[in-house]
$ cat final12.txt   # compact mmCIF, C-alpha atoms and all ligand atoms
# COMPACT_ATOMS: atom_id res chain seq x y z
CA MET A 8 27.64 84.48 85.31
CA PRO A 9 26.28 83.50 81.85
CA VAL A 10 24.88 79.97 81.52
CA PRO A 11 27.12 77.85 79.23
CA VAL A 12 24.95 76.29 76.51
CA ILE A 13 25.38 73.99 73.52
CA ILE A 14 22.51 73.85 71.02
CA ASP A 15 21.92 70.74 68.89
CA CYS A 16 19.44 71.67 66.19
CA ASP A 17 17.83 71.00 62.81
CA PRO A 18 17.19 74.50 61.35
CA GLY A 19 14.32 74.84 60.67
CA HIS A 20 12.61 78.20 61.12
CA ASP A 21 12.05 77.94 64.85
CA ASP A 22 15.52 76.51 65.47
CA VAL A 23 16.92 79.75 64.01
CA PHE A 24 15.13 81.77 66.69
CA ALA A 25 16.49 79.45 69.36
CA LEU A 26 20.01 80.14 68.06
CA TRP A 27 19.34 83.89 67.97
CA LEU A 28 17.85 83.91 71.48
CA ALA A 29 20.95 82.15 72.80
CA ALA A 30 23.35 84.39 70.87
CA GLY A 31 21.53 87.61 71.68
CA ASN A 32 20.83 87.23 75.38
CA PRO A 33 23.74 88.09 77.70
CA ALA A 34 22.64 85.47 80.24
CA ILE A 35 23.71 82.74 77.80
CA ASP A 36 27.23 81.78 76.75
CA LEU A 37 26.67 79.89 73.49
CA LEU A 38 29.68 77.54 73.41
CA GLY A 39 28.80 75.73 70.20
CA VAL A 40 26.17 74.56 67.75
CA THR A 41 25.71 71.07 66.35
CA THR A 42 23.31 69.91 63.68
CA VAL A 43 21.24 66.82 62.99
CA GLY A 44 19.05 65.53 60.20
CA GLY A 45 15.46 66.36 61.06
CA ASN A 46 13.46 69.19 59.50
CA GLY A 47 15.76 68.77 56.54
CA ARG A 48 18.62 66.64 55.37
CA LEU A 49 21.85 67.17 57.30
CA GLU A 50 23.48 69.20 54.55
CA HIS A 51 20.58 71.64 54.71
CA THR A 52 20.24 71.86 58.49
CA THR A 53 24.00 72.39 58.78
CA HIS A 54 24.07 75.04 56.06
CA ASN A 55 21.07 76.74 57.67
CA ALA A 56 22.68 76.86 61.12
CA ARG A 57 25.69 78.60 59.58
CA VAL A 58 23.37 80.99 57.70
CA ALA A 59 21.45 81.81 60.90
CA LEU A 60 24.64 82.81 62.72
CA THR A 61 25.94 84.67 59.64
CA VAL A 62 22.77 86.76 59.27
CA ALA A 63 22.89 87.66 62.98
CA GLY A 64 26.58 88.58 62.84
CA VAL A 65 27.51 85.90 65.37
CA GLY A 66 31.14 84.80 65.12
CA GLY A 67 33.44 82.57 67.14
CA VAL A 68 30.80 79.90 67.78
CA PRO A 69 31.88 76.54 66.31
CA VAL A 70 29.31 74.69 64.18
CA ALA A 71 29.69 70.94 63.62
CA ALA A 72 27.52 68.45 61.76
CA GLY A 73 26.20 65.30 63.38
CA ALA A 74 23.95 62.42 62.40
CA ASP A 75 22.44 62.41 58.93
CA ARG A 76 19.78 59.89 59.93
CA PRO A 77 18.08 58.46 63.04
CA LEU A 78 19.64 55.60 65.02
CA ARG A 79 17.53 52.87 63.41
CA ARG A 80 15.06 54.48 61.05
CA GLU A 81 15.06 56.37 57.79
CA LEU A 82 15.00 60.17 57.94
CA THR A 83 11.75 61.84 56.86
CA PRO A 84 12.44 65.60 56.54
CA ALA A 85 9.52 67.90 57.39
CA ALA A 86 9.58 69.60 53.99
CA TRP A 87 5.81 70.13 54.21
CA ILE A 88 6.47 72.77 56.88
CA HIS A 89 10.05 73.97 56.41
CA GLY A 90 10.47 73.60 52.64
CA GLU A 91 12.86 71.49 50.58
CA ASN A 92 15.95 73.32 51.94
CA ALA A 93 14.52 73.28 55.49
CA LEU A 94 14.58 77.09 55.61
CA GLY A 95 12.03 78.20 53.04
CA GLY A 96 11.15 81.85 52.51
CA PRO A 97 14.03 84.33 52.25
CA VAL A 98 16.96 84.02 49.86
CA LEU A 99 19.73 82.52 51.99
CA PRO A 100 23.08 84.37 51.98
CA ASP A 101 26.27 82.37 51.64
CA PRO A 102 27.39 81.63 55.20
CA THR A 103 30.63 83.17 56.43
CA VAL A 104 30.53 81.03 59.59
CA PRO A 105 32.82 78.05 58.89
CA LEU A 106 31.96 74.39 59.35
CA ASP A 107 34.04 72.81 62.11
CA GLU A 108 35.86 69.68 60.91
CA ARG A 109 34.85 67.74 64.03
CA SER A 110 31.68 65.68 64.26
CA ALA A 111 28.89 66.82 66.56
CA VAL A 112 29.86 64.24 69.17
CA GLU A 113 33.53 65.30 68.99
CA LEU A 114 32.70 69.01 69.27
CA ILE A 115 30.28 68.55 72.17
CA SER A 116 32.79 66.29 73.97
CA ASP A 117 35.59 68.84 73.51
CA LEU A 118 33.41 71.74 74.67
CA LEU A 119 32.25 69.84 77.74
CA ALA A 120 35.82 68.87 78.63
CA GLU A 121 36.97 72.50 78.29
CA ALA A 122 34.01 74.01 80.17
CA ALA A 123 34.77 75.43 83.61
CA GLU A 124 31.34 74.27 84.83
CA PRO A 125 28.62 71.83 83.74
CA VAL A 126 26.90 72.83 80.51
CA THR A 127 23.21 73.04 79.57
CA LEU A 128 22.54 70.94 76.47
CA ILE A 129 19.62 72.24 74.38
CA PRO A 130 18.50 69.87 71.60
CA THR A 131 15.75 71.29 69.37
CA GLY A 132 15.55 68.44 66.89
CA PRO A 133 15.60 64.63 66.97
CA LEU A 134 17.82 63.34 69.80
CA THR A 135 20.10 61.25 67.58
CA ASN A 136 23.29 63.22 68.38
CA VAL A 137 22.59 63.39 72.11
CA ALA A 138 21.86 59.67 72.30
CA THR A 139 25.03 58.88 70.37
CA LEU A 140 27.06 61.17 72.64
CA LEU A 141 25.78 59.49 75.81
CA GLU A 142 26.38 56.02 74.35
CA GLN A 143 29.88 56.67 72.95
CA ARG A 144 31.21 59.12 75.57
CA PRO A 145 29.51 58.18 78.89
CA ALA A 146 32.12 60.16 80.86
CA VAL A 147 30.67 63.43 79.54
CA ARG A 148 27.63 62.98 81.77
CA GLU A 149 29.36 64.71 84.69
CA LYS A 150 29.77 67.88 82.60
CA ILE A 151 26.13 68.06 81.54
CA LYS A 152 24.13 70.27 83.93
CA GLU A 153 20.79 69.46 82.27
CA ILE A 154 19.11 68.72 78.96
CA ILE A 155 16.27 71.01 77.85
CA TRP A 156 14.64 69.42 74.81
CA MET A 157 11.99 70.72 72.47
CA GLY A 158 10.09 67.57 71.71
CA GLY A 159 7.20 65.35 72.64
CA SER A 160 3.80 66.37 73.88
CA THR A 161 1.57 65.73 76.86
CA GLY A 162 -1.29 65.48 74.38
CA ARG A 163 -1.78 64.93 70.66
CA GLY A 164 1.09 64.94 68.20
CA ASN A 165 1.72 66.95 65.05
CA VAL A 166 3.32 64.53 62.61
CA ARG A 167 1.19 61.58 63.79
CA ALA A 168 -1.94 61.42 65.95
CA TYR A 169 0.09 60.88 69.11
CA ALA A 170 3.66 61.75 68.06
CA GLU A 171 5.49 65.06 67.89
CA PHE A 172 8.03 65.34 65.06
CA ASN A 173 11.33 65.32 67.02
CA ALA A 174 10.28 62.29 69.05
CA TRP A 175 8.72 60.55 66.04
CA ALA A 176 11.79 61.06 63.84
CA ASP A 177 14.01 59.07 66.22
CA PRO A 178 12.03 57.41 69.05
CA GLU A 179 14.91 55.09 69.94
CA ALA A 180 17.16 58.09 70.56
CA ALA A 181 14.49 59.85 72.60
CA ASP A 182 13.92 56.68 74.64
CA LEU A 183 17.64 56.39 75.39
CA VAL A 184 18.00 60.03 76.43
CA VAL A 185 14.87 60.03 78.59
CA LYS A 186 16.18 56.92 80.38
CA ALA A 187 19.73 58.32 80.81
CA GLY A 188 18.91 59.70 84.25
CA LEU A 189 20.23 63.21 83.56
CA PRO A 190 18.29 66.32 84.63
CA PHE A 191 15.79 66.59 81.78
CA THR A 192 13.20 69.19 80.85
CA MET A 193 10.67 68.46 78.11
CA VAL A 194 9.25 71.38 76.11
CA GLY A 195 6.43 69.72 74.23
CA LEU A 196 3.71 70.79 71.83
CA ASN A 197 1.41 71.33 74.81
CA ILE A 198 3.40 74.45 75.72
CA SER A 199 4.91 75.37 72.35
CA HIS A 200 1.41 75.90 70.97
CA GLN A 201 1.11 78.80 73.43
CA ALA A 202 3.93 80.64 71.58
CA LEU A 203 1.83 81.66 68.59
CA ILE A 204 3.19 84.00 65.91
CA THR A 205 0.37 86.55 65.78
CA GLU A 206 0.26 89.62 63.57
CA GLU A 207 1.19 91.65 66.66
CA VAL A 208 4.24 89.46 67.24
CA LEU A 209 5.25 89.86 63.60
CA ARG A 210 4.79 93.64 63.77
CA SER A 211 6.81 93.93 66.99
CA ILE A 212 9.71 91.91 65.54
CA ALA A 213 9.63 93.84 62.26
CA ALA A 214 9.74 97.10 64.27
CA ILE A 215 13.17 96.15 65.64
CA GLY A 216 14.42 97.29 62.25
CA ASN A 217 17.75 95.48 61.94
CA GLU A 218 18.89 92.91 59.35
CA THR A 219 18.24 90.00 61.67
CA SER A 220 14.66 91.06 62.36
CA ALA A 221 13.93 91.60 58.66
CA PHE A 222 15.28 88.12 57.80
CA GLY A 223 13.40 86.70 60.77
CA VAL A 224 10.07 88.17 59.67
CA ASP A 225 10.52 86.61 56.23
CA LEU A 226 11.16 83.26 57.93
CA LEU A 227 8.10 83.63 60.17
CA ARG A 228 5.79 84.58 57.32
CA PHE A 229 6.86 81.46 55.37
CA PHE A 230 6.49 79.33 58.53
CA CYS A 231 2.99 80.71 59.22
CA GLY A 232 1.99 80.19 55.60
CA ALA A 233 3.06 76.55 55.75
CA TYR A 234 1.29 75.98 59.07
CA ASP A 235 -1.85 77.59 57.66
CA ALA A 236 -1.79 75.39 54.57
CA VAL A 237 -0.94 72.15 56.38
CA GLU A 238 -2.46 72.51 59.83
CA GLY A 239 -5.04 75.26 59.34
CA MET A 240 -3.01 77.33 61.83
CA PRO A 241 -2.16 80.78 60.35
CA GLU A 242 -0.52 81.70 63.66
CA ALA A 243 2.24 79.08 63.78
CA PRO A 244 3.81 77.99 67.09
CA LEU A 245 7.44 79.01 67.54
CA HIS A 246 8.47 75.83 69.37
CA ASP A 247 12.23 75.77 69.81
CA PRO A 248 13.20 79.08 71.49
CA ILE A 249 11.14 78.19 74.58
CA THR A 250 13.99 75.84 75.52
CA VAL A 251 16.53 78.67 75.54
CA ALA A 252 14.08 80.97 77.31
CA LEU A 253 13.92 78.41 80.13
CA ALA A 254 17.72 78.39 80.38
CA ILE A 255 17.63 82.19 80.65
CA ASP A 256 14.74 82.55 83.10
CA ARG A 257 13.15 79.51 84.72
CA THR A 258 10.05 81.57 85.53
CA VAL A 259 9.17 81.91 81.83
CA ALA A 260 7.20 78.67 82.16
CA THR A 261 5.72 76.49 84.85
CA VAL A 262 6.96 72.91 84.96
CA ARG A 263 5.62 69.75 86.58
CA ARG A 264 7.82 66.89 87.75
CA SER A 265 6.49 63.78 86.04
CA ARG A 266 7.28 60.48 84.41
CA VAL A 267 7.72 60.41 80.64
CA ASP A 268 8.24 57.28 78.56
CA VAL A 269 8.74 57.11 74.81
CA GLU A 270 6.80 54.62 72.70
CA THR A 271 9.09 52.82 70.25
CA GLN A 272 6.98 49.79 69.38
CA GLY A 273 3.47 51.05 68.65
CA GLU A 274 2.04 50.50 65.18
CA PHE A 275 0.00 53.72 65.50
CA THR A 276 1.80 55.37 68.44
CA SER A 277 5.53 55.14 67.68
CA GLY A 278 7.21 58.32 68.94
CA ALA A 279 4.46 59.12 71.42
CA THR A 280 5.68 60.60 74.71
CA ALA A 281 3.56 59.05 77.44
CA VAL A 282 3.59 61.74 80.15
CA ASP A 283 2.06 60.50 83.41
CA LEU A 284 1.22 63.96 84.77
CA ARG A 285 -0.77 62.63 87.72
CA GLY A 286 1.66 59.86 88.65
CA MET A 287 -1.00 57.19 88.10
CA LEU A 288 1.55 54.50 87.21
CA GLY A 289 3.67 55.02 90.30
CA ARG A 290 6.83 55.11 88.17
CA GLU A 291 9.81 57.23 89.24
CA PRO A 292 9.49 60.78 87.81
CA ASN A 293 12.28 61.47 85.28
CA ALA A 294 11.51 64.86 83.76
CA ASP A 295 10.32 68.41 84.32
CA ILE A 296 7.45 68.86 81.90
CA ALA A 297 6.92 72.45 80.77
CA ILE A 298 3.27 73.33 81.14
CA THR A 299 2.32 77.03 80.99
CA LEU A 300 4.22 79.76 79.15
CA ASP A 301 4.46 83.37 80.29
CA VAL A 302 3.71 84.48 76.73
CA PRO A 303 4.51 88.23 77.05
CA LYS A 304 7.79 87.48 78.84
CA PHE A 305 8.74 84.91 76.19
CA TRP A 306 8.20 87.23 73.24
CA GLN A 307 10.01 90.08 75.04
CA LEU A 308 13.05 87.81 75.47
CA VAL A 309 12.92 86.97 71.76
CA ARG A 310 12.63 90.62 70.71
CA ASP A 311 15.38 91.80 73.07
CA ALA A 312 17.75 89.13 71.76
CA VAL A 313 17.04 89.91 68.09
CA ALA A 314 17.59 93.61 68.83
CA ASN A 315 21.05 92.75 70.16
CA LEU A 316 22.03 91.08 66.88
CA LYS A 317 23.11 92.52 63.54
O1 LIG B 401 7.47 69.43 66.36
C1 LIG B 401 8.17 70.65 66.37
C2 LIG B 401 9.64 70.41 66.29
O2 LIG B 401 9.95 69.73 65.09
C3 LIG B 401 10.47 71.71 66.24
O3 LIG B 401 11.73 71.49 66.82
C4 LIG B 401 10.63 71.96 64.77
O4 LIG B 401 11.81 72.70 64.46
C5 LIG B 401 10.77 70.55 64.25
O5 LIG B 401 12.13 70.18 64.42
CA CA B 402 13.76 71.94 65.50
$ encode --input "final12.txt" --output "structure tokens"
Amino acid sequence: MPVPVIIDCDPGHDDVFALWLAAGNPAIDLLGVTTVGGNGRLEHTTHNARVALTVAGVGGVPVAAGADRPLRRELTPAAWIHGENALGGPVLPDPTVPLDERSAVELISDLLAEAAEPVTLIPTGPLTNVATLLEQRPAVREKIKEIIWMGGSTGRGNVRAYAEFNAWADPEAADLVVKAGLPFTMVGLNISHQALITEEVLRSIAAIGNETSAFGVDLLRFFCGAYDAVEGMPEAPLHDPITVALAIDRTVATVRRSRVDVETQGEFTSGATAVDLRGMLGREPNADIAITLDVPKFWQLVRDAVANLK
């Protein structure tokens, strides 16, 4: 039976591939997509989610917009990586996928209520919508099978010395979700930097030869160009789809049960995810931390999904 999934995202180049992996793999039943301010302003991330599904020919999946800013902080879009419209590179077609009139919290709540079984929630941006959902609709907890989040890091950060962007953008939301006591898997920079977009990866995706792959290669070339210019990394890490890959096949990565806490007070460390991998603090473990990626298996899942799309 396909795994029922809801993706909460901030497209964002890598978010697009997470959406495509979910839509293109038969082991996933993509119930809905919600958007959050993160890589770009909400109007851009929402437009881009609709564009991603339009390009791939994915219909019948509701898309609803959520929070336009973090719980307590200002939004700082990552335009330095994703561009001013949060999906720099190709010309974006007008989306044919409609915008659902419900809010993200309303759509997720409705989908969870209707689901025949508990649903896997896959946030690939700041956790503002998920935190708001858990605060406003606590009864939904029983219909959430697990949360698989792209965010945090067991090591250094990317937007700050010790903070990864999704955690840094809304540390209060991340803190609330991590402490919610739901089954939680963290896909941090420590593993996402194993999913590098090499020339071979680009060639193999281009060779798929459909519209989705052509659009995707344009996205990846822009993404790699930005990473090269900003981070000195011409082979950019494709962070977000690792979450969906884990929902498809748990063997795609090793995980370690650990304790993670989110720093919300630090002058220099706000947004840091303190992962106690060796249990030195004796605190109750609260997350599965993704550690090592089966890189060939991951990219094969991505290619197979893209090949199934338009
Ligand atoms: O730090 C990487 C994360 O921040 C990814 O989810 C990327 O899309 C951005 O949202
Ligand atoms: Ca993202």
$ axis_aligned_box --input "final12.txt" --around "region 275-283 of chain A" --padding-each-side "6 Å" --output "JSON"
{"center_x": 3.6, "center_y": 57.7, "center_z": 74.5, "size_x": 19.2, "size_y": 20.0, "size_z": 29.9}
$ residues_around --input "final12.txt" --residues "Pro105 (chain A)" --least-positions-apart "2" --cutoff "12 Å" --atoms "all atoms listed in the file" --output "PyMOL selection string"
chain A and resi 40+53-58+60-61+65-72+101-103+107-109
$ residues_near_ligand --input "final12.txt" --ligand "ligand CA 402 (chain B)" --cutoff "9 Å" --atoms "only C-alpha atoms and all ligand atoms" --output "ChimeraX atom specification"
/A:15-23,25,45-46,130-133,157-158,172-173,246-247
$ atom_distance --input "final12.txt" --atom1 "CA of Asp295 (chain A)" --atom2 "CA of Asn197 (chain A)"
13.4 Å
$ atom_distance --input "final12.txt" --atom1 "CA of Val302 (chain A)" --atom2 "CA of Arg285 (chain A)"
24.9 Å
$ closest_residue --input "final12.txt" --among "A:Thr299, A:Ser160, A:Asn315, A:Asn92" --to "ligand LIG 401 (chain B)" --atoms "only C-alpha atoms and all ligand atoms"
A:Ser160
$ closest_residue --input "final12.txt" --among "A:Met287, A:Ile115, A:Leu106, A:Ala294" --to "Ile155 (chain A)" --atoms "all atoms listed in the file"
A:Ala294
$ closest_residue --input "final12.txt" --among "A:Ala85, A:Val43, A:Leu37, A:Ala59" --to "Val237 (chain A)" --atoms "all atoms listed in the file"
A:Ala85
$ atom_distance --input "final12.txt" --atom1 "CA of Ile129 (chain A)" --atom2 "CA of Ser220 (chain A)"
22.9 Å
$ closest_residue --input "final12.txt" --among "A:Leu119, A:Leu253, A:Ala279, A:Ala202" --to "Ala168 (chain A)" --atoms "only C-alpha atoms"
A:Ala279
$ closest_residue --input "final12.txt" --among "A:Val309, A:Leu284, A:Ala170, A:Ala233" --to "ligand LIG 401 (chain B)" --atoms "all atoms listed in the file"
A:Ala170
$ residues_around --input "final12.txt" --residues "Ile255 (chain A)" --least-positions-apart "6" --cutoff "10 Å" --atoms "only C-alpha atoms" --output "PyMOL selection string"
chain A and resi 9-10+28-29+32-35+249+308
$ closest_residue --input "final12.txt" --among "A:Leu49, A:Ala122, A:Ile88, A:Val137" --to "Met240 (chain A)" --atoms "all atoms listed in the file"
A:Ile88
$ decode --input "final12.txt" --residues "region 133-154 of chain A" --atoms "N, CA, C and O atoms" --output "PDB file, in the first residue's frame"
ATOM      1  N   PRO A 133      11.183  25.873   6.783  1.00  0.00           N
ATOM      2  CA  PRO A 133      10.994  26.210   8.204  1.00  0.00           C
ATOM      3  C   PRO A 133       9.740  25.542   8.743  1.00  0.00           C
ATOM      4  O   PRO A 133       8.777  25.329   8.008  1.00  0.00           O
ATOM      5  N   LEU A 134       9.722  25.235  10.036  1.00  0.00           N
ATOM      6  CA  LEU A 134       8.636  24.427  10.620  1.00  0.00           C
ATOM      7  C   LEU A 134       7.460  25.255  11.125  1.00  0.00           C
ATOM      8  O   LEU A 134       6.660  24.783  11.949  1.00  0.00           O
ATOM      9  N   THR A 135       7.310  26.458  10.621  1.00  0.00           N
ATOM     10  CA  THR A 135       6.262  27.357  11.089  1.00  0.00           C
ATOM     11  C   THR A 135       4.865  26.751  10.964  1.00  0.00           C
ATOM     12  O   THR A 135       4.082  26.770  11.922  1.00  0.00           O
ATOM     13  N   ASN A 136       4.535  26.180   9.804  1.00  0.00           N
ATOM     14  CA  ASN A 136       3.200  25.596   9.604  1.00  0.00           C
ATOM     15  C   ASN A 136       2.976  24.382  10.517  1.00  0.00           C
ATOM     16  O   ASN A 136       1.893  24.226  11.097  1.00  0.00           O
ATOM     17  N   VAL A 137       3.980  23.546  10.632  1.00  0.00           N
ATOM     18  CA  VAL A 137       3.834  22.332  11.444  1.00  0.00           C
ATOM     19  C   VAL A 137       3.665  22.702  12.918  1.00  0.00           C
ATOM     20  O   VAL A 137       2.799  22.159  13.621  1.00  0.00           O
ATOM     21  N   ALA A 138       4.435  23.669  13.372  1.00  0.00           N
ATOM     22  CA  ALA A 138       4.307  24.115  14.769  1.00  0.00           C
ATOM     23  C   ALA A 138       2.916  24.707  15.017  1.00  0.00           C
ATOM     24  O   ALA A 138       2.259  24.401  16.024  1.00  0.00           O
ATOM     25  N   THR A 139       2.446  25.499  14.080  1.00  0.00           N
ATOM     26  CA  THR A 139       1.121  26.117  14.217  1.00  0.00           C
ATOM     27  C   THR A 139       0.026  25.047  14.226  1.00  0.00           C
ATOM     28  O   THR A 139      -0.907  25.097  15.030  1.00  0.00           O
ATOM     29  N   LEU A 140       0.175  24.057  13.348  1.00  0.00           N
ATOM     30  CA  LEU A 140      -0.785  22.945  13.299  1.00  0.00           C
ATOM     31  C   LEU A 140      -0.853  22.232  14.651  1.00  0.00           C
ATOM     32  O   LEU A 140      -1.939  22.015  15.205  1.00  0.00           O
ATOM     33  N   LEU A 141       0.285  21.881  15.212  1.00  0.00           N
ATOM     34  CA  LEU A 141       0.315  21.138  16.473  1.00  0.00           C
ATOM     35  C   LEU A 141      -0.222  21.975  17.637  1.00  0.00           C
ATOM     36  O   LEU A 141      -0.858  21.459  18.552  1.00  0.00           O
ATOM     37  N   GLU A 142       0.005  23.273  17.578  1.00  0.00           N
ATOM     38  CA  GLU A 142      -0.500  24.177  18.626  1.00  0.00           C
ATOM     39  C   GLU A 142      -2.021  24.369  18.532  1.00  0.00           C
ATOM     40  O   GLU A 142      -2.743  24.298  19.517  1.00  0.00           O
ATOM     41  N   GLN A 143      -2.502  24.609  17.282  1.00  0.00           N
ATOM     42  CA  GLN A 143      -3.922  24.970  17.094  1.00  0.00           C
ATOM     43  C   GLN A 143      -4.841  23.749  17.006  1.00  0.00           C
ATOM     44  O   GLN A 143      -6.022  23.816  17.322  1.00  0.00           O
ATOM     45  N   ARG A 144      -4.280  22.623  16.495  1.00  0.00           N
ATOM     46  CA  ARG A 144      -5.122  21.431  16.285  1.00  0.00           C
ATOM     47  C   ARG A 144      -4.480  20.206  16.959  1.00  0.00           C
ATOM     48  O   ARG A 144      -4.109  19.261  16.282  1.00  0.00           O
ATOM     49  N   PRO A 145      -4.308  20.206  18.253  1.00  0.00           N
ATOM     50  CA  PRO A 145      -3.565  19.116  18.925  1.00  0.00           C
ATOM     51  C   PRO A 145      -4.160  17.731  18.639  1.00  0.00           C
ATOM     52  O   PRO A 145      -3.438  16.734  18.616  1.00  0.00           O
ATOM     53  N   ALA A 146      -5.440  17.673  18.319  1.00  0.00           N
ATOM     54  CA  ALA A 146      -6.067  16.359  18.085  1.00  0.00           C
ATOM     55  C   ALA A 146      -5.516  15.672  16.831  1.00  0.00           C
ATOM     56  O   ALA A 146      -5.630  14.447  16.679  1.00  0.00           O
ATOM     57  N   VAL A 147      -4.863  16.432  15.954  1.00  0.00           N
ATOM     58  CA  VAL A 147      -4.363  15.811  14.707  1.00  0.00           C
ATOM     59  C   VAL A 147      -3.194  14.868  14.988  1.00  0.00           C
ATOM     60  O   VAL A 147      -2.851  14.031  14.159  1.00  0.00           O
ATOM     61  N   ARG A 148      -2.613  14.991  16.168  1.00  0.00           N
ATOM     62  CA  ARG A 148      -1.415  14.197  16.468  1.00  0.00           C
ATOM     63  C   ARG A 148      -1.638  12.710  16.192  1.00  0.00           C
ATOM     64  O   ARG A 148      -0.760  12.031  15.667  1.00  0.00           O
ATOM     65  N   GLU A 149      -2.846  12.226  16.526  1.00  0.00           N
ATOM     66  CA  GLU A 149      -3.076  10.771  16.396  1.00  0.00           C
ATOM     67  C   GLU A 149      -3.090  10.316  14.929  1.00  0.00           C
ATOM     68  O   GLU A 149      -2.942   9.132  14.641  1.00  0.00           O
ATOM     69  N   LYS A 150      -3.222  11.273  14.010  1.00  0.00           N
ATOM     70  CA  LYS A 150      -3.222  10.904  12.577  1.00  0.00           C
ATOM     71  C   LYS A 150      -1.895  11.209  11.898  1.00  0.00           C
ATOM     72  O   LYS A 150      -1.779  11.153  10.664  1.00  0.00           O
ATOM     73  N   ILE A 151      -0.901  11.561  12.683  1.00  0.00           N
ATOM     74  CA  ILE A 151       0.445  11.786  12.123  1.00  0.00           C
ATOM     75  C   ILE A 151       1.309  10.573  12.444  1.00  0.00           C
ATOM     76  O   ILE A 151       1.576  10.280  13.631  1.00  0.00           O
ATOM     77  N   LYS A 152       1.703   9.837  11.416  1.00  0.00           N
ATOM     78  CA  LYS A 152       2.540   8.637  11.627  1.00  0.00           C
ATOM     79  C   LYS A 152       3.943   9.063  12.064  1.00  0.00           C
ATOM     80  O   LYS A 152       4.503   8.523  13.020  1.00  0.00           O
ATOM     81  N   GLU A 153       4.521  10.028  11.348  1.00  0.00           N
ATOM     82  CA  GLU A 153       5.852  10.533  11.691  1.00  0.00           C
ATOM     83  C   GLU A 153       6.098  11.843  10.936  1.00  0.00           C
ATOM     84  O   GLU A 153       5.375  12.169   9.983  1.00  0.00           O
ATOM     85  N   ILE A 154       7.083  12.557  11.387  1.00  0.00           N
ATOM     86  CA  ILE A 154       7.547  13.775  10.713  1.00  0.00           C
ATOM     87  C   ILE A 154       8.961  13.520  10.226  1.00  0.00           C
ATOM     88  O   ILE A 154       9.824  13.091  11.026  1.00  0.00           O
TER      89      ILE A 154
END
